[in-house]
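File shown: target_35.txt. Contents: compact mmCIF, C-alpha atoms.
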```txt
# COMPACT_ATOMS: atom_id res chain seq x y z
CA MET V 13 27.56 -42.94 31.29
CA THR V 14 24.08 -43.02 29.77
CA MET V 15 22.75 -40.04 27.92
CA PRO V 16 20.98 -37.46 30.13
CA GLN V 17 17.24 -37.40 29.48
CA LEU V 18 15.44 -34.09 28.98
CA TYR V 19 11.68 -33.86 29.40
CA ASN V 20 11.18 -31.37 26.64
CA TYR V 21 8.60 -29.16 24.96
CA ASP V 22 10.05 -27.51 21.84
CA LEU V 23 8.35 -24.12 22.30
CA ASP V 24 9.29 -23.76 25.99
CA GLU V 25 12.19 -21.33 26.20
CA ASN V 26 13.59 -22.91 29.35
CA CYS V 27 13.77 -26.25 27.53
CA TYR V 28 15.51 -24.42 24.68
CA ARG V 29 18.09 -23.06 27.14
CA VAL V 30 18.98 -26.63 28.06
CA ARG V 31 19.09 -27.83 24.44
CA LEU V 32 21.24 -24.81 23.54
CA VAL V 33 23.85 -25.45 26.24
CA ALA V 34 23.92 -29.18 25.42
CA ALA V 35 24.43 -28.36 21.72
CA CYS V 36 27.24 -25.88 22.47
CA ILE V 37 29.13 -28.44 24.57
CA GLY V 38 28.48 -31.16 21.99
CA LEU V 39 26.37 -33.30 24.36
CA PRO V 40 23.57 -35.38 22.81
CA LEU V 41 20.40 -35.47 24.92
CA ASP V 42 17.73 -38.14 25.05
CA LEU V 43 14.67 -35.96 24.39
CA HIS V 44 11.40 -37.10 25.93
CA GLY V 45 8.61 -35.06 24.32
CA VAL V 46 5.98 -33.62 26.69
CA ASP V 47 2.71 -32.25 25.28
CA ALA V 48 2.70 -29.08 27.38
CA PHE V 49 0.40 -27.18 25.02
CA PRO V 50 -2.44 -27.84 24.55
CA GLY V 51 -2.20 -31.16 26.49
CA ARG V 52 -0.83 -29.72 29.78
CA GLU V 53 0.98 -33.03 30.19
CA HIS V 54 3.64 -31.34 32.37
CA GLN V 55 0.92 -31.09 35.03
CA SER V 56 -0.16 -34.73 34.76
CA ALA V 57 0.30 -37.13 37.69
CA PRO V 58 3.42 -38.92 36.36
CA MET V 59 5.11 -35.60 35.61
CA LEU V 60 4.16 -34.11 38.98
CA ALA V 61 5.85 -37.10 40.57
CA LEU V 62 9.07 -35.95 38.91
CA ASN V 63 8.55 -32.22 39.46
CA PRO V 64 5.80 -31.25 41.92
CA LEU V 65 6.02 -27.67 40.61
CA GLY V 66 4.49 -28.88 37.35
CA ARG V 67 7.03 -27.15 35.14
CA LEU V 68 9.49 -27.99 32.42
CA PRO V 69 12.31 -28.65 31.85
CA ILE V 70 13.18 -31.73 33.86
CA LEU V 71 16.58 -33.36 33.46
CA ARG V 72 17.22 -36.91 34.54
CA ASP V 73 20.90 -37.82 34.64
CA GLY V 74 21.28 -41.26 36.23
CA ASP V 75 19.83 -40.95 39.73
CA LEU V 76 19.93 -37.18 39.60
CA VAL V 77 16.70 -35.34 38.78
CA LEU V 78 16.93 -31.56 38.27
CA THR V 79 14.06 -29.15 37.65
CA GLN V 80 15.54 -25.65 37.93
CA PRO V 81 16.78 -24.52 34.49
CA GLU V 82 19.93 -22.73 35.70
CA ALA V 83 20.90 -25.69 37.90
CA ILE V 84 20.52 -27.92 34.85
CA LEU V 85 22.73 -25.61 32.75
CA LEU V 86 25.42 -25.54 35.41
CA HIS V 87 25.29 -29.31 35.82
CA LEU V 88 25.66 -29.96 32.08
CA ALA V 89 28.48 -27.43 31.68
CA GLU V 90 30.42 -28.75 34.68
CA ARG V 91 29.85 -32.47 34.42
CA HIS V 92 29.47 -33.09 30.71
CA ASP V 93 31.98 -30.72 29.14
CA PRO V 94 35.53 -31.91 29.85
CA GLN V 95 36.84 -28.61 28.46
CA ARG V 96 34.57 -26.59 30.80
CA ARG V 97 34.13 -24.01 28.03
CA PHE V 98 31.21 -22.12 29.56
CA VAL V 99 32.16 -22.04 33.24
CA THR V 100 35.08 -20.53 35.09
CA ASP V 101 36.93 -21.25 38.31
CA ASP V 102 38.02 -17.66 38.82
CA PRO V 103 35.96 -16.58 41.86
CA VAL V 104 35.22 -13.06 40.62
CA ARG V 105 34.20 -14.18 37.14
CA ARG V 106 32.17 -16.98 38.65
CA ALA V 107 30.38 -14.48 40.91
CA ARG V 108 29.60 -12.32 37.87
CA MET V 109 28.36 -15.36 35.98
CA MET V 110 26.13 -16.38 38.90
CA GLU V 111 24.79 -12.82 39.10
CA TRP V 112 23.56 -13.06 35.50
CA LEU V 113 22.37 -16.66 35.85
CA ILE V 114 20.19 -15.58 38.76
CA PHE V 115 19.04 -12.53 36.80
CA ALA V 116 18.01 -14.97 34.07
CA ALA V 117 16.20 -17.16 36.59
CA ARG V 118 14.46 -14.52 38.66
CA ASP V 119 14.14 -11.26 36.73
CA LEU V 120 13.78 -12.64 33.22
CA SER V 121 10.94 -14.86 34.43
CA MET V 122 8.86 -11.79 33.51
CA ALA V 123 9.93 -12.21 29.90
CA VAL V 124 9.08 -15.92 30.00
CA ALA V 125 5.66 -15.10 31.46
CA ALA V 126 5.08 -12.24 29.00
CA ARG V 127 5.66 -14.70 26.17
CA THR V 128 3.47 -17.49 27.54
CA THR V 129 0.59 -15.11 28.27
CA SER V 130 0.91 -13.59 24.77
CA MET V 131 1.34 -16.84 22.87
CA LEU V 132 0.01 -19.75 24.86
CA GLY V 133 -2.89 -18.06 26.65
CA GLU V 134 -1.50 -18.51 30.17
CA PRO V 135 -3.14 -16.16 32.69
CA GLY V 136 -1.27 -12.96 33.55
CA ASP V 137 -1.17 -9.19 33.10
CA THR V 138 0.48 -9.03 29.69
CA ASP V 139 1.09 -5.26 29.72
CA ALA V 140 2.77 -5.28 33.13
CA LEU V 141 4.85 -8.33 32.22
CA ARG V 142 5.90 -6.76 28.92
CA ALA V 143 6.95 -3.54 30.70
CA GLY V 144 8.94 -5.56 33.24
CA ALA V 145 10.59 -7.62 30.52
CA ARG V 146 11.51 -4.47 28.57
CA ARG V 147 13.11 -3.02 31.71
CA CYS V 148 15.22 -6.19 32.06
CA LEU V 149 16.32 -6.04 28.40
CA ARG V 150 17.35 -2.41 28.93
CA ILE V 151 19.50 -3.43 31.89
CA MET V 152 21.10 -6.10 29.71
CA ASP V 153 21.67 -3.65 26.84
CA ASP V 154 23.24 -1.09 29.20
CA HIS V 155 25.57 -3.79 30.52
CA MET V 156 26.59 -5.06 27.07
CA THR V 157 27.12 -1.45 25.93
CA ARG V 158 29.64 -0.93 28.73
CA GLN V 159 31.22 -4.35 28.16
CA SER V 160 31.72 -3.61 24.45
CA LEU V 161 33.18 -0.17 25.10
CA ALA V 162 35.63 -1.76 27.55
CA GLY V 163 36.54 -4.41 24.96
CA SER V 164 34.57 -7.45 26.19
CA ASP V 165 32.35 -9.32 23.76
CA PHE V 166 30.20 -11.16 26.30
CA PHE V 167 28.37 -10.62 29.60
CA VAL V 168 31.16 -11.76 31.92
CA GLY V 169 34.29 -11.21 29.83
CA PRO V 170 35.91 -11.78 26.46
CA GLU V 171 34.58 -15.37 26.19
CA ALA V 172 30.99 -16.63 26.24
CA THR V 173 29.87 -18.26 29.50
CA LEU V 174 26.69 -19.96 30.67
CA ALA V 175 25.39 -16.46 31.48
CA ASP V 176 25.24 -15.56 27.79
CA LEU V 177 23.53 -18.81 26.83
CA ALA V 178 20.99 -18.44 29.65
CA LEU V 179 20.18 -14.81 28.74
CA PHE V 180 19.95 -15.26 24.98
CA PRO V 181 16.42 -16.73 24.57
CA ALA V 182 14.57 -13.92 26.37
CA PHE V 183 16.11 -11.35 24.02
CA ALA V 184 15.86 -13.46 20.89
CA LEU V 185 12.17 -14.28 21.54
CA SER V 186 11.07 -10.82 22.71
CA ARG V 187 9.15 -10.14 19.49
CA ASP V 188 6.78 -12.91 20.59
CA PHE V 189 5.51 -10.51 23.27
CA ASN V 190 5.78 -7.38 21.12
CA VAL V 191 9.06 -5.95 22.35
CA ASP V 192 11.13 -5.29 19.24
CA HIS V 193 14.93 -5.25 19.05
CA ASP V 194 15.09 -1.62 17.84
CA GLU V 195 16.12 -0.18 21.21
CA PHE V 196 18.81 -2.72 22.07
CA PRO V 197 21.71 -2.22 19.66
CA ALA V 198 24.33 -3.73 21.99
CA LEU V 199 22.20 -6.85 22.42
CA ARG V 200 21.73 -7.16 18.66
CA LEU V 201 25.51 -7.24 18.16
CA TRP V 202 25.95 -9.63 21.10
CA ALA V 203 23.25 -12.01 19.81
CA ARG V 204 25.00 -12.09 16.45
CA ARG V 205 28.27 -13.09 18.12
CA LEU V 206 26.47 -15.76 20.14
CA ARG V 207 24.86 -17.16 17.01
CA SER V 208 28.31 -17.81 15.57
CA LEU V 209 29.41 -20.05 18.49
CA PRO V 210 30.22 -23.61 17.36
CA GLY V 211 27.21 -25.87 17.98
CA PHE V 212 24.71 -22.99 18.30
CA ILE V 213 21.13 -24.05 17.58
CA THR V 214 17.84 -22.17 17.27
CA MET V 215 14.32 -23.17 18.31
CA PRO V 216 10.98 -22.90 16.50
CA GLY V 217 10.20 -19.17 16.29
CA LEU V 218 13.84 -18.16 16.00
CA PRO V 219 14.93 -17.73 12.40
CA ASP V 220 18.02 -19.72 11.52
CA TYR V 221 20.11 -16.90 10.04
CA HIS V 222 22.69 -14.22 10.98
CA MET G 5 8.19 17.27 9.67
CA GLN G 6 10.97 19.73 8.95
CA LYS G 7 13.02 18.70 5.92
CA GLY G 8 16.55 17.58 6.67
CA TRP G 9 18.91 14.76 7.56
CA TYR G 10 17.88 12.77 10.63
CA PRO G 11 20.25 10.39 12.47
CA LEU G 12 18.83 6.87 12.94
CA ALA G 13 21.71 4.80 14.35
CA LEU G 14 25.37 4.81 15.25
CA SER G 15 27.47 3.47 12.38
CA HIS G 16 29.09 0.76 14.51
CA ALA G 17 25.70 -0.56 15.68
CA ILE G 18 24.74 -1.82 12.21
CA ALA G 19 27.27 -4.48 11.19
CA ALA G 20 27.75 -5.37 7.53
CA GLY G 21 25.07 -7.86 6.48
CA THR G 22 22.58 -6.92 9.22
CA SER G 23 19.41 -4.88 9.58
CA ALA G 24 17.50 -3.11 12.36
CA GLY G 25 14.16 -1.41 12.60
CA THR G 26 13.63 2.11 13.87
CA VAL G 27 10.96 4.81 13.90
CA LEU G 28 11.16 8.48 12.86
CA HIS G 29 8.16 10.71 13.58
CA GLY G 30 6.03 7.57 13.72
CA GLN G 31 7.28 6.19 10.38
CA GLU G 32 8.81 2.71 10.54
CA ILE G 33 12.19 2.51 8.80
CA VAL G 34 14.60 -0.37 8.26
CA VAL G 35 18.28 0.49 8.43
CA TRP G 36 20.44 -2.16 6.80
CA ARG G 37 23.95 -2.62 5.60
CA ASP G 38 24.86 -4.79 2.62
CA SER G 39 27.82 -7.15 2.76
CA SER G 40 30.11 -4.54 1.21
CA GLY G 41 29.20 -2.06 3.95
CA GLY G 42 26.78 0.27 2.15
CA ALA G 43 24.01 1.64 4.40
CA HIS G 44 20.37 1.76 3.28
CA THR G 45 17.24 3.30 4.79
CA TRP G 46 13.89 2.02 3.51
CA GLU G 47 10.29 1.85 4.50
CA ASP G 48 10.14 -1.10 6.93
CA ARG G 49 7.52 -3.01 5.00
CA CYS G 50 7.61 -5.85 2.49
CA PRO G 51 5.10 -5.06 -0.28
CA HIS G 52 4.06 -8.72 -0.43
CA ARG G 53 2.39 -9.29 2.96
CA GLY G 54 3.39 -6.19 4.92
CA MET G 55 5.99 -8.00 7.05
CA LYS G 56 8.70 -5.79 8.56
CA MET G 57 11.86 -5.97 6.45
CA SER G 58 13.87 -5.45 9.65
CA PHE G 59 12.79 -8.97 10.74
CA GLY G 60 14.42 -10.31 7.59
CA PHE G 61 18.00 -11.03 6.70
CA VAL G 62 20.71 -9.69 4.45
CA ARG G 63 22.20 -11.94 1.78
CA GLY G 64 25.11 -10.25 -0.02
CA ASP G 65 23.72 -7.17 -1.73
CA HIS G 66 20.09 -8.16 -1.14
CA ILE G 67 17.77 -7.97 1.85
CA ALA G 68 15.23 -10.78 2.14
CA CYS G 69 11.87 -10.84 3.87
CA LEU G 70 11.49 -13.32 6.73
CA TYR G 71 8.03 -14.48 5.59
CA HIS G 72 8.56 -15.78 2.07
CA GLY G 73 12.16 -14.89 1.28
CA TRP G 74 11.42 -12.25 -1.36
CA GLU G 75 14.77 -10.58 -2.06
CA TYR G 76 15.30 -6.90 -2.87
CA ASP G 77 18.40 -5.29 -4.37
CA GLN G 78 20.04 -2.07 -3.13
CA GLY G 79 17.60 0.01 -5.18
CA GLY G 80 14.60 -1.60 -3.44
CA GLN G 81 13.67 -3.61 -6.54
CA CYS G 82 12.44 -7.17 -5.94
CA ARG G 83 14.83 -9.55 -7.71
CA TYR G 84 13.91 -13.02 -6.53
CA ILE G 85 10.80 -14.84 -5.32
CA PRO G 86 11.74 -18.29 -3.97
CA ALA G 87 8.28 -19.78 -4.64
CA HIS G 88 8.68 -18.82 -8.33
CA PRO G 89 12.42 -19.19 -8.92
CA LYS G 90 12.15 -18.85 -12.69
CA LEU G 91 9.93 -15.78 -12.66
CA GLU G 92 11.34 -12.53 -13.98
CA VAL G 93 10.05 -10.30 -11.18
CA PRO G 94 7.84 -7.40 -12.36
CA LYS G 95 9.40 -3.94 -11.95
CA THR G 96 6.35 -2.82 -9.99
CA ILE G 97 7.35 -4.94 -6.96
CA CYS G 98 9.64 -2.72 -4.92
CA VAL G 99 10.13 -1.34 -1.43
CA LYS G 100 10.02 2.43 -0.91
CA THR G 101 13.61 3.66 -0.43
CA TYR G 102 14.69 6.84 1.35
CA PRO G 103 17.96 8.74 0.75
CA ALA G 104 20.62 7.52 3.21
CA ALA G 105 23.98 8.94 4.23
CA GLU G 106 26.75 8.04 6.60
CA ALA G 107 28.69 10.79 8.36
CA ALA G 108 30.22 11.60 11.75
CA GLY G 109 29.77 8.05 13.07
CA MET G 110 26.02 7.93 12.32
CA ILE G 111 23.62 6.66 9.65
CA TRP G 112 21.18 9.34 8.46
CA VAL G 113 18.00 9.50 6.45
CA TRP G 114 16.65 12.44 4.45
CA MET G 115 13.03 13.25 5.24
CA PRO G 116 10.25 13.88 4.54
CA VAL G 117 9.57 11.46 1.72
CA GLY G 118 9.77 12.97 -1.74
CA MET G 119 11.63 16.17 -0.83
CA PRO G 120 14.73 16.63 -3.03
CA VAL G 121 17.97 16.08 -1.13
CA GLU G 122 20.03 19.17 -0.31
CA GLY G 123 23.67 18.53 0.63
CA GLY G 124 24.71 15.93 3.17
CA PRO G 125 25.01 15.71 6.95
CA ALA G 126 28.10 17.43 8.36
CA GLU G 127 31.28 15.32 8.46
CA GLN G 128 33.36 15.00 11.62
CA GLU G 129 35.76 12.41 13.01
CA ALA G 130 33.81 10.73 15.81
CA THR G 131 33.75 7.66 18.05
CA GLY G 132 30.32 6.14 18.66
CA VAL G 133 29.50 5.72 22.36
CA ARG G 134 25.91 4.49 22.50
CA SER G 135 22.36 5.15 21.40
CA LEU G 136 20.01 6.07 24.23
CA TYR G 137 16.29 5.40 23.82
CA LEU G 138 14.03 7.53 25.97
CA ASP G 139 10.33 7.27 26.80
CA ARG G 140 10.00 11.04 26.35
CA ALA G 141 9.41 13.36 23.40
CA LEU G 142 12.54 15.02 22.01
CA ASP G 143 11.08 18.47 22.79
CA GLU G 144 10.84 17.53 26.47
CA VAL G 145 14.34 16.06 26.59
CA GLU G 146 16.30 18.70 24.68
CA PRO G 147 16.22 21.49 27.28
CA HIS G 148 17.82 19.11 29.84
CA LEU G 149 20.65 17.79 27.65
CA SER G 150 23.24 20.40 28.49
CA ALA G 151 22.89 20.10 32.27
CA GLY G 152 22.34 16.33 32.11
CA PHE G 153 25.66 15.72 30.39
CA GLY G 154 27.51 18.30 32.49
CA ALA G 155 28.21 20.62 29.54
CA SER G 156 29.89 24.01 29.86
CA GLU G 157 28.85 24.98 26.32
CA ALA G 158 26.08 23.79 24.01
CA ALA G 159 25.37 24.49 20.34
CA ARG G 160 22.48 23.22 18.22
CA GLU G 161 23.03 22.27 14.58
CA ASP G 162 20.94 20.36 12.03
CA GLY G 163 19.98 17.07 13.68
CA VAL G 164 22.67 17.28 16.39
CA ILE G 165 23.63 19.06 19.57
CA ARG G 166 27.28 19.73 20.40
CA LEU G 167 28.25 19.74 24.05
CA VAL G 168 31.59 20.69 25.56
CA THR G 169 32.07 18.49 28.65
CA ASP G 170 34.85 17.45 31.04
CA LEU G 171 34.85 14.04 29.31
CA GLY G 172 35.44 15.63 25.91
CA PRO G 173 33.43 17.23 23.09
CA LEU G 174 30.18 15.29 22.64
CA ARG G 175 28.16 15.35 19.46
CA ILE G 176 24.70 13.86 19.96
CA GLY G 177 22.37 12.96 17.07
CA LEU G 178 18.73 13.75 17.86
CA GLN G 179 16.07 11.32 16.60
CA PRO G 180 12.42 12.21 17.20
CA VAL G 181 10.81 8.75 17.35
CA SER G 182 7.19 9.57 18.15
CA ALA G 183 5.03 11.89 20.25
CA ASP G 184 6.37 10.29 23.44
CA ARG G 185 9.72 8.77 22.51
CA CYS G 186 13.10 9.82 21.19
CA ALA G 187 16.61 8.50 20.66
CA LEU G 188 19.99 10.13 21.24
CA HIS G 189 22.96 8.86 19.23
CA ILE G 190 25.93 9.81 21.36
CA THR G 191 29.41 10.26 19.89
CA LEU G 192 32.68 11.70 21.15
CA ALA G 193 34.51 13.93 18.67
CA GLY G 194 37.82 12.39 17.62
CA THR G 195 39.11 9.25 19.32
CA ALA G 196 38.85 8.30 23.01
CA GLU G 197 40.11 5.82 25.61
CA PRO G 198 37.77 2.97 26.64
CA GLY G 199 37.57 4.43 30.17
CA THR G 200 36.27 7.74 28.82
CA LEU G 201 33.73 5.98 26.60
CA VAL G 202 32.42 3.95 29.56
CA ALA G 203 32.17 7.15 31.63
CA VAL G 204 30.10 8.85 28.91
CA ALA G 205 27.86 5.75 28.71
CA ALA G 206 27.33 5.85 32.48
CA ARG G 207 26.43 9.54 32.29
CA ALA G 208 23.94 8.72 29.53
CA GLU G 209 22.26 6.10 31.75
CA ALA G 210 22.03 8.62 34.60
CA PHE G 211 20.53 11.15 32.20
CA ARG G 212 17.87 8.62 31.13
CA ARG G 213 16.95 7.93 34.77
CA ARG G 214 16.47 11.68 35.30
CA VAL G 215 14.43 12.57 32.23
CA GLU G 216 12.18 9.52 32.51
CA SER G 217 11.41 10.22 36.17
CA ALA G 218 8.76 12.92 36.52
CA THR G 219 9.85 13.73 40.07
CA LEU G 220 13.53 14.08 39.24
CA LEU G 221 12.70 16.24 36.25
CA ALA G 222 10.37 18.51 38.22
CA ALA G 223 13.14 19.07 40.78
CA GLU G 224 15.43 20.60 38.14
```

Would you mind writing the structure in this file as structure tokens?
Amino acid sequence: MTMPQLYNYDLDENCYRVRLVAACIGLPLDLHGVDAFPGREHQSAPMLALNPLGRLPILRDGDLVLTQPEAILLHLAERHDPQRRFVTDDPVRRARMMEWLIFAARDLSMAVAARTTSMLGEPGDTDALRAGARRCLRIMDDHMTRQSLAGSDFFVGPEATLADLALFPAFALSRDFNVDHDEFPALRLWARRLRSLPGFITMPGLPDYH
Amino acid sequence: MQKGWYPLALSHAIAAGTSAGTVLHGQEIVVWRDSSGGAHTWEDRCPHRGMKMSFGFVRGDHIACLYHGWEYDQGGQCRYIPAHPKLEVPKTICVKTYPAAEAAGMIWVWMPVGMPVEGGPAEQEATGVRSLYLDRALDEVEPHLSAGFGASEAAREDGVIRLVTDLGPLRIGLQPVSADRCALHITLAGTAEPGTLVAVAARAEAFRRRVESATLLAAE
């Protein structure tokens, strides 16, 4: 099996999600650098041929081309980790995991947009996006508060799943769009646990400590 | 600001070797715990370039700034500057420290700055439930606490409100954050089952929905 190829921009948090999951399952990726900023190469003709949406990340694994971040995470965790450490076959746990993966895809897109408008000058209503992102982080903090009180260290149960890895960047990078970590004590403790997972990696902008 | 001890965090929320930022009456404060567990409350500002110390990291008994790694000891004195490793750091380089205490499951700070400390916050065996951050001033929130948590009795003390509820005796630390925000540090007196703790947390979330919604509040 050849190494999966990731079309990657280091500062893109969705690309980081993919690199993070690959690192945690010990899978080396063939990184193909894309000059997304300032070059906008992800919207060039050859890239649009791969993903007509003009977005990163793109994963090419043999004949398979995937462009939706959560689908990429699921694919890596199911196909490339023989131990299946970050997925579960229990239908209820899997439903809970999917719930948070879709939250990460749909609702946390406000956090992704808040960050790109703040940092990379993408168009958008920064104040509204920031308020929406803060509301999502509150929902996450409320959930992790209840999980911790009930004795679970992670979003779905006592072990980390793809849900945790998919949710981590939006919280960890929230200072980039001026939402501090002050008000999310349960997420601070959770992020610290996540940082101690074997293989965990950071991205530029995330300090390599804790 | 009235002089006294103000709660800033639940004890369990600040793990050994970590830091967090918070705000009291508009003043930014870093709460951090050294590796041996001691709690510290300082001005949240590195004197070098003004970076928040709460963005930094704890190394043993020191807290280091994220920008340039300047390290400060438990007294707030700068001890190490990585760019000048051989330099004996001048005594004048220090972070402003505030008196800190730990009692009844919470970390407290004595304010305002410069006032001599009188006594300590009241002790009590307590289990931390959660901190609740509200987009409302404490003055607006306080009158609704008793009803919001379903209390049959309420008593105000320095920095806390005690509520007798069907879920047990609650003791809630009151943190005035700013003119339009506050934080409640919710504890249950004594020890409690996980199910009870989760029920208190759920009640806290419902309380936040009520006090932050103008229409729900007006209906009370």

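In this comparison, which uses only C-alpha atoms, the residue of G:Ala193, G:Leu167, G:Val34, G:Ala222 approaching His193 (chain V) most closely is G:Val34.
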
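For chain G, the residues having at least one atom no farther than 6 Å from chain V, when counting only C-alpha atoms, are Ala17, Gly25, Thr26, Pro198 and Val202 of chain G.
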
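The residue that comes closest to Leu177 (chain V), out of V:Phe115, V:Tyr19, V:Phe189, V:Phe98 and on the basis of only C-alpha atoms, is V:Phe98.
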
Within-7 Å shell of (31.0, -20.0, 29.5) in input frame, only C-alpha atoms, as a PyMOL selection string: chain V and resi 97-100+171-175

Mind dumping a table of every region 83-175 of chain G residue within 10 Å of region 213-217 of chain G, with the nearest atom pair and its distance in Å to one decimal, using all atoms listed in the file, sorted by chain and rising number, as a Markdown table?
```
| residue | atom | partner | partner_atom | distance |
| --- | --- | --- | --- | --- |
| G:Leu138 | CA | G:Glu216 | CA | 7.1 |
| G:Asp139 | CA | G:Glu216 | CA | 6.4 |
| G:Arg140 | CA | G:Glu216 | CA | 6.7 |
| G:Glu144 | CA | G:Val215 | CA | 8.4 |
| G:Val145 | CA | G:Val215 | CA | 6.6 |
| G:Glu146 | CA | G:Val215 | CA | 9.9 |
| G:His148 | CA | G:Val215 | CA | 7.7 |
| G:Leu149 | CA | G:Val215 | CA | 9.3 |
| G:Gly152 | CA | G:Arg214 | CA | 8.1 |
```

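Picture a line from CA of Ile70 (chain V) to CA of Leu18 (chain V); it runs 5.9 Å.
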
Which polymer residues, whether protein, DNA or RNA, lie within 6 Å of the coordinate (17.1, 13.7, -2.4) when you count only C-alpha atoms? List them as a PyMOL selection string, using the chain letters and numbers from the file. chain G and resi 103+120-121

If we count only C-alpha atoms and set the cut-off at 9 Å, which residues sit around Gly74 (chain V), ignoring sequence neighbours fewer than 2 positions away in its own chain? Please answer as a ChimeraX atom specification. /V:13-17,72,76-77

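Using only C-alpha atoms, the residues found no farther than 12 Å from Lys100 (chain G), other than those of its own chain fewer than 5 positions away, are Glu32, Ile33, Val34, His44, Thr45, Trp46, Glu47, Asp48, Arg49, Cys50, Pro51, Met57, Tyr76, Asp77, Gln78, Gly79, Gly80, Gln81, Cys82, Val117 and Gly118 of chain G.
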
Which of these residues is nearest to Met156 (chain V), using all atoms listed in the file: V:Met59, V:Leu120, V:Val168, V:Leu141? V:Val168

Neighbour list for Thr191 (chain G) as an mmCIF file with C-alpha atoms, in the frame of the given file, cut-off 12 Å, only C-alpha atoms, skip fewer than 6 positions in-chain:
```cif
data_model
loop_
_atom_site.group_PDB
_atom_site.id
_atom_site.type_symbol
_atom_site.label_atom_id
_atom_site.label_comp_id
_atom_site.auth_asym_id
_atom_site.auth_seq_id
_atom_site.Cartn_x
_atom_site.Cartn_y
_atom_site.Cartn_z
ATOM 1 C CA PRO G 11 20.250 10.390 12.470
ATOM 2 C CA ALA G 13 21.710 4.800 14.350
ATOM 3 C CA LEU G 14 25.370 4.810 15.250
ATOM 4 C CA SER G 15 27.470 3.470 12.380
ATOM 5 C CA HIS G 16 29.090 0.760 14.510
ATOM 6 C CA ALA G 107 28.690 10.790 8.360
ATOM 7 C CA ALA G 108 30.220 11.600 11.750
ATOM 8 C CA GLY G 109 29.770 8.050 13.070
ATOM 9 C CA MET G 110 26.020 7.930 12.320
ATOM 10 C CA GLN G 128 33.360 15.000 11.620
ATOM 11 C CA GLU G 129 35.760 12.410 13.010
ATOM 12 C CA ALA G 130 33.810 10.730 15.810
ATOM 13 C CA THR G 131 33.750 7.660 18.050
ATOM 14 C CA GLY G 132 30.320 6.140 18.660
ATOM 15 C CA VAL G 133 29.500 5.720 22.360
ATOM 16 C CA ARG G 134 25.910 4.490 22.500
ATOM 17 C CA SER G 135 22.360 5.150 21.400
ATOM 18 C CA LEU G 136 20.010 6.070 24.230
ATOM 19 C CA VAL G 164 22.670 17.280 16.390
ATOM 20 C CA ILE G 165 23.630 19.060 19.570
ATOM 21 C CA ARG G 166 27.280 19.730 20.400
ATOM 22 C CA LEU G 167 28.250 19.740 24.050
ATOM 23 C CA LEU G 171 34.850 14.040 29.310
ATOM 24 C CA GLY G 172 35.440 15.630 25.910
ATOM 25 C CA PRO G 173 33.430 17.230 23.090
ATOM 26 C CA LEU G 174 30.180 15.290 22.640
ATOM 27 C CA ARG G 175 28.160 15.350 19.460
ATOM 28 C CA ILE G 176 24.700 13.860 19.960
ATOM 29 C CA GLY G 177 22.370 12.960 17.070
ATOM 30 C CA LEU G 178 18.730 13.750 17.860
ATOM 31 C CA THR G 200 36.270 7.740 28.820
ATOM 32 C CA LEU G 201 33.730 5.980 26.600
ATOM 33 C CA VAL G 202 32.420 3.950 29.560
ATOM 34 C CA VAL G 204 30.100 8.850 28.910
ATOM 35 C CA ALA G 205 27.860 5.750 28.710
ATOM 36 C CA ALA G 208 23.940 8.720 29.530
#
```

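Every protein, DNA or RNA residue with an atom at most 10 Å from Arg147 (chain V), where only C-alpha atoms count and chain neighbours fewer than 4 positions away do not, is listed here: Asp119, Leu120, Met122, Ala123, Leu141, Arg142, Ala143, Ile151, Met152 and Asp153 of chain V.
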
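Atom pair CA of Arg53 (chain G) / CA of Leu70 (chain G) has a distance of 10.6 Å (rounded to one decimal).
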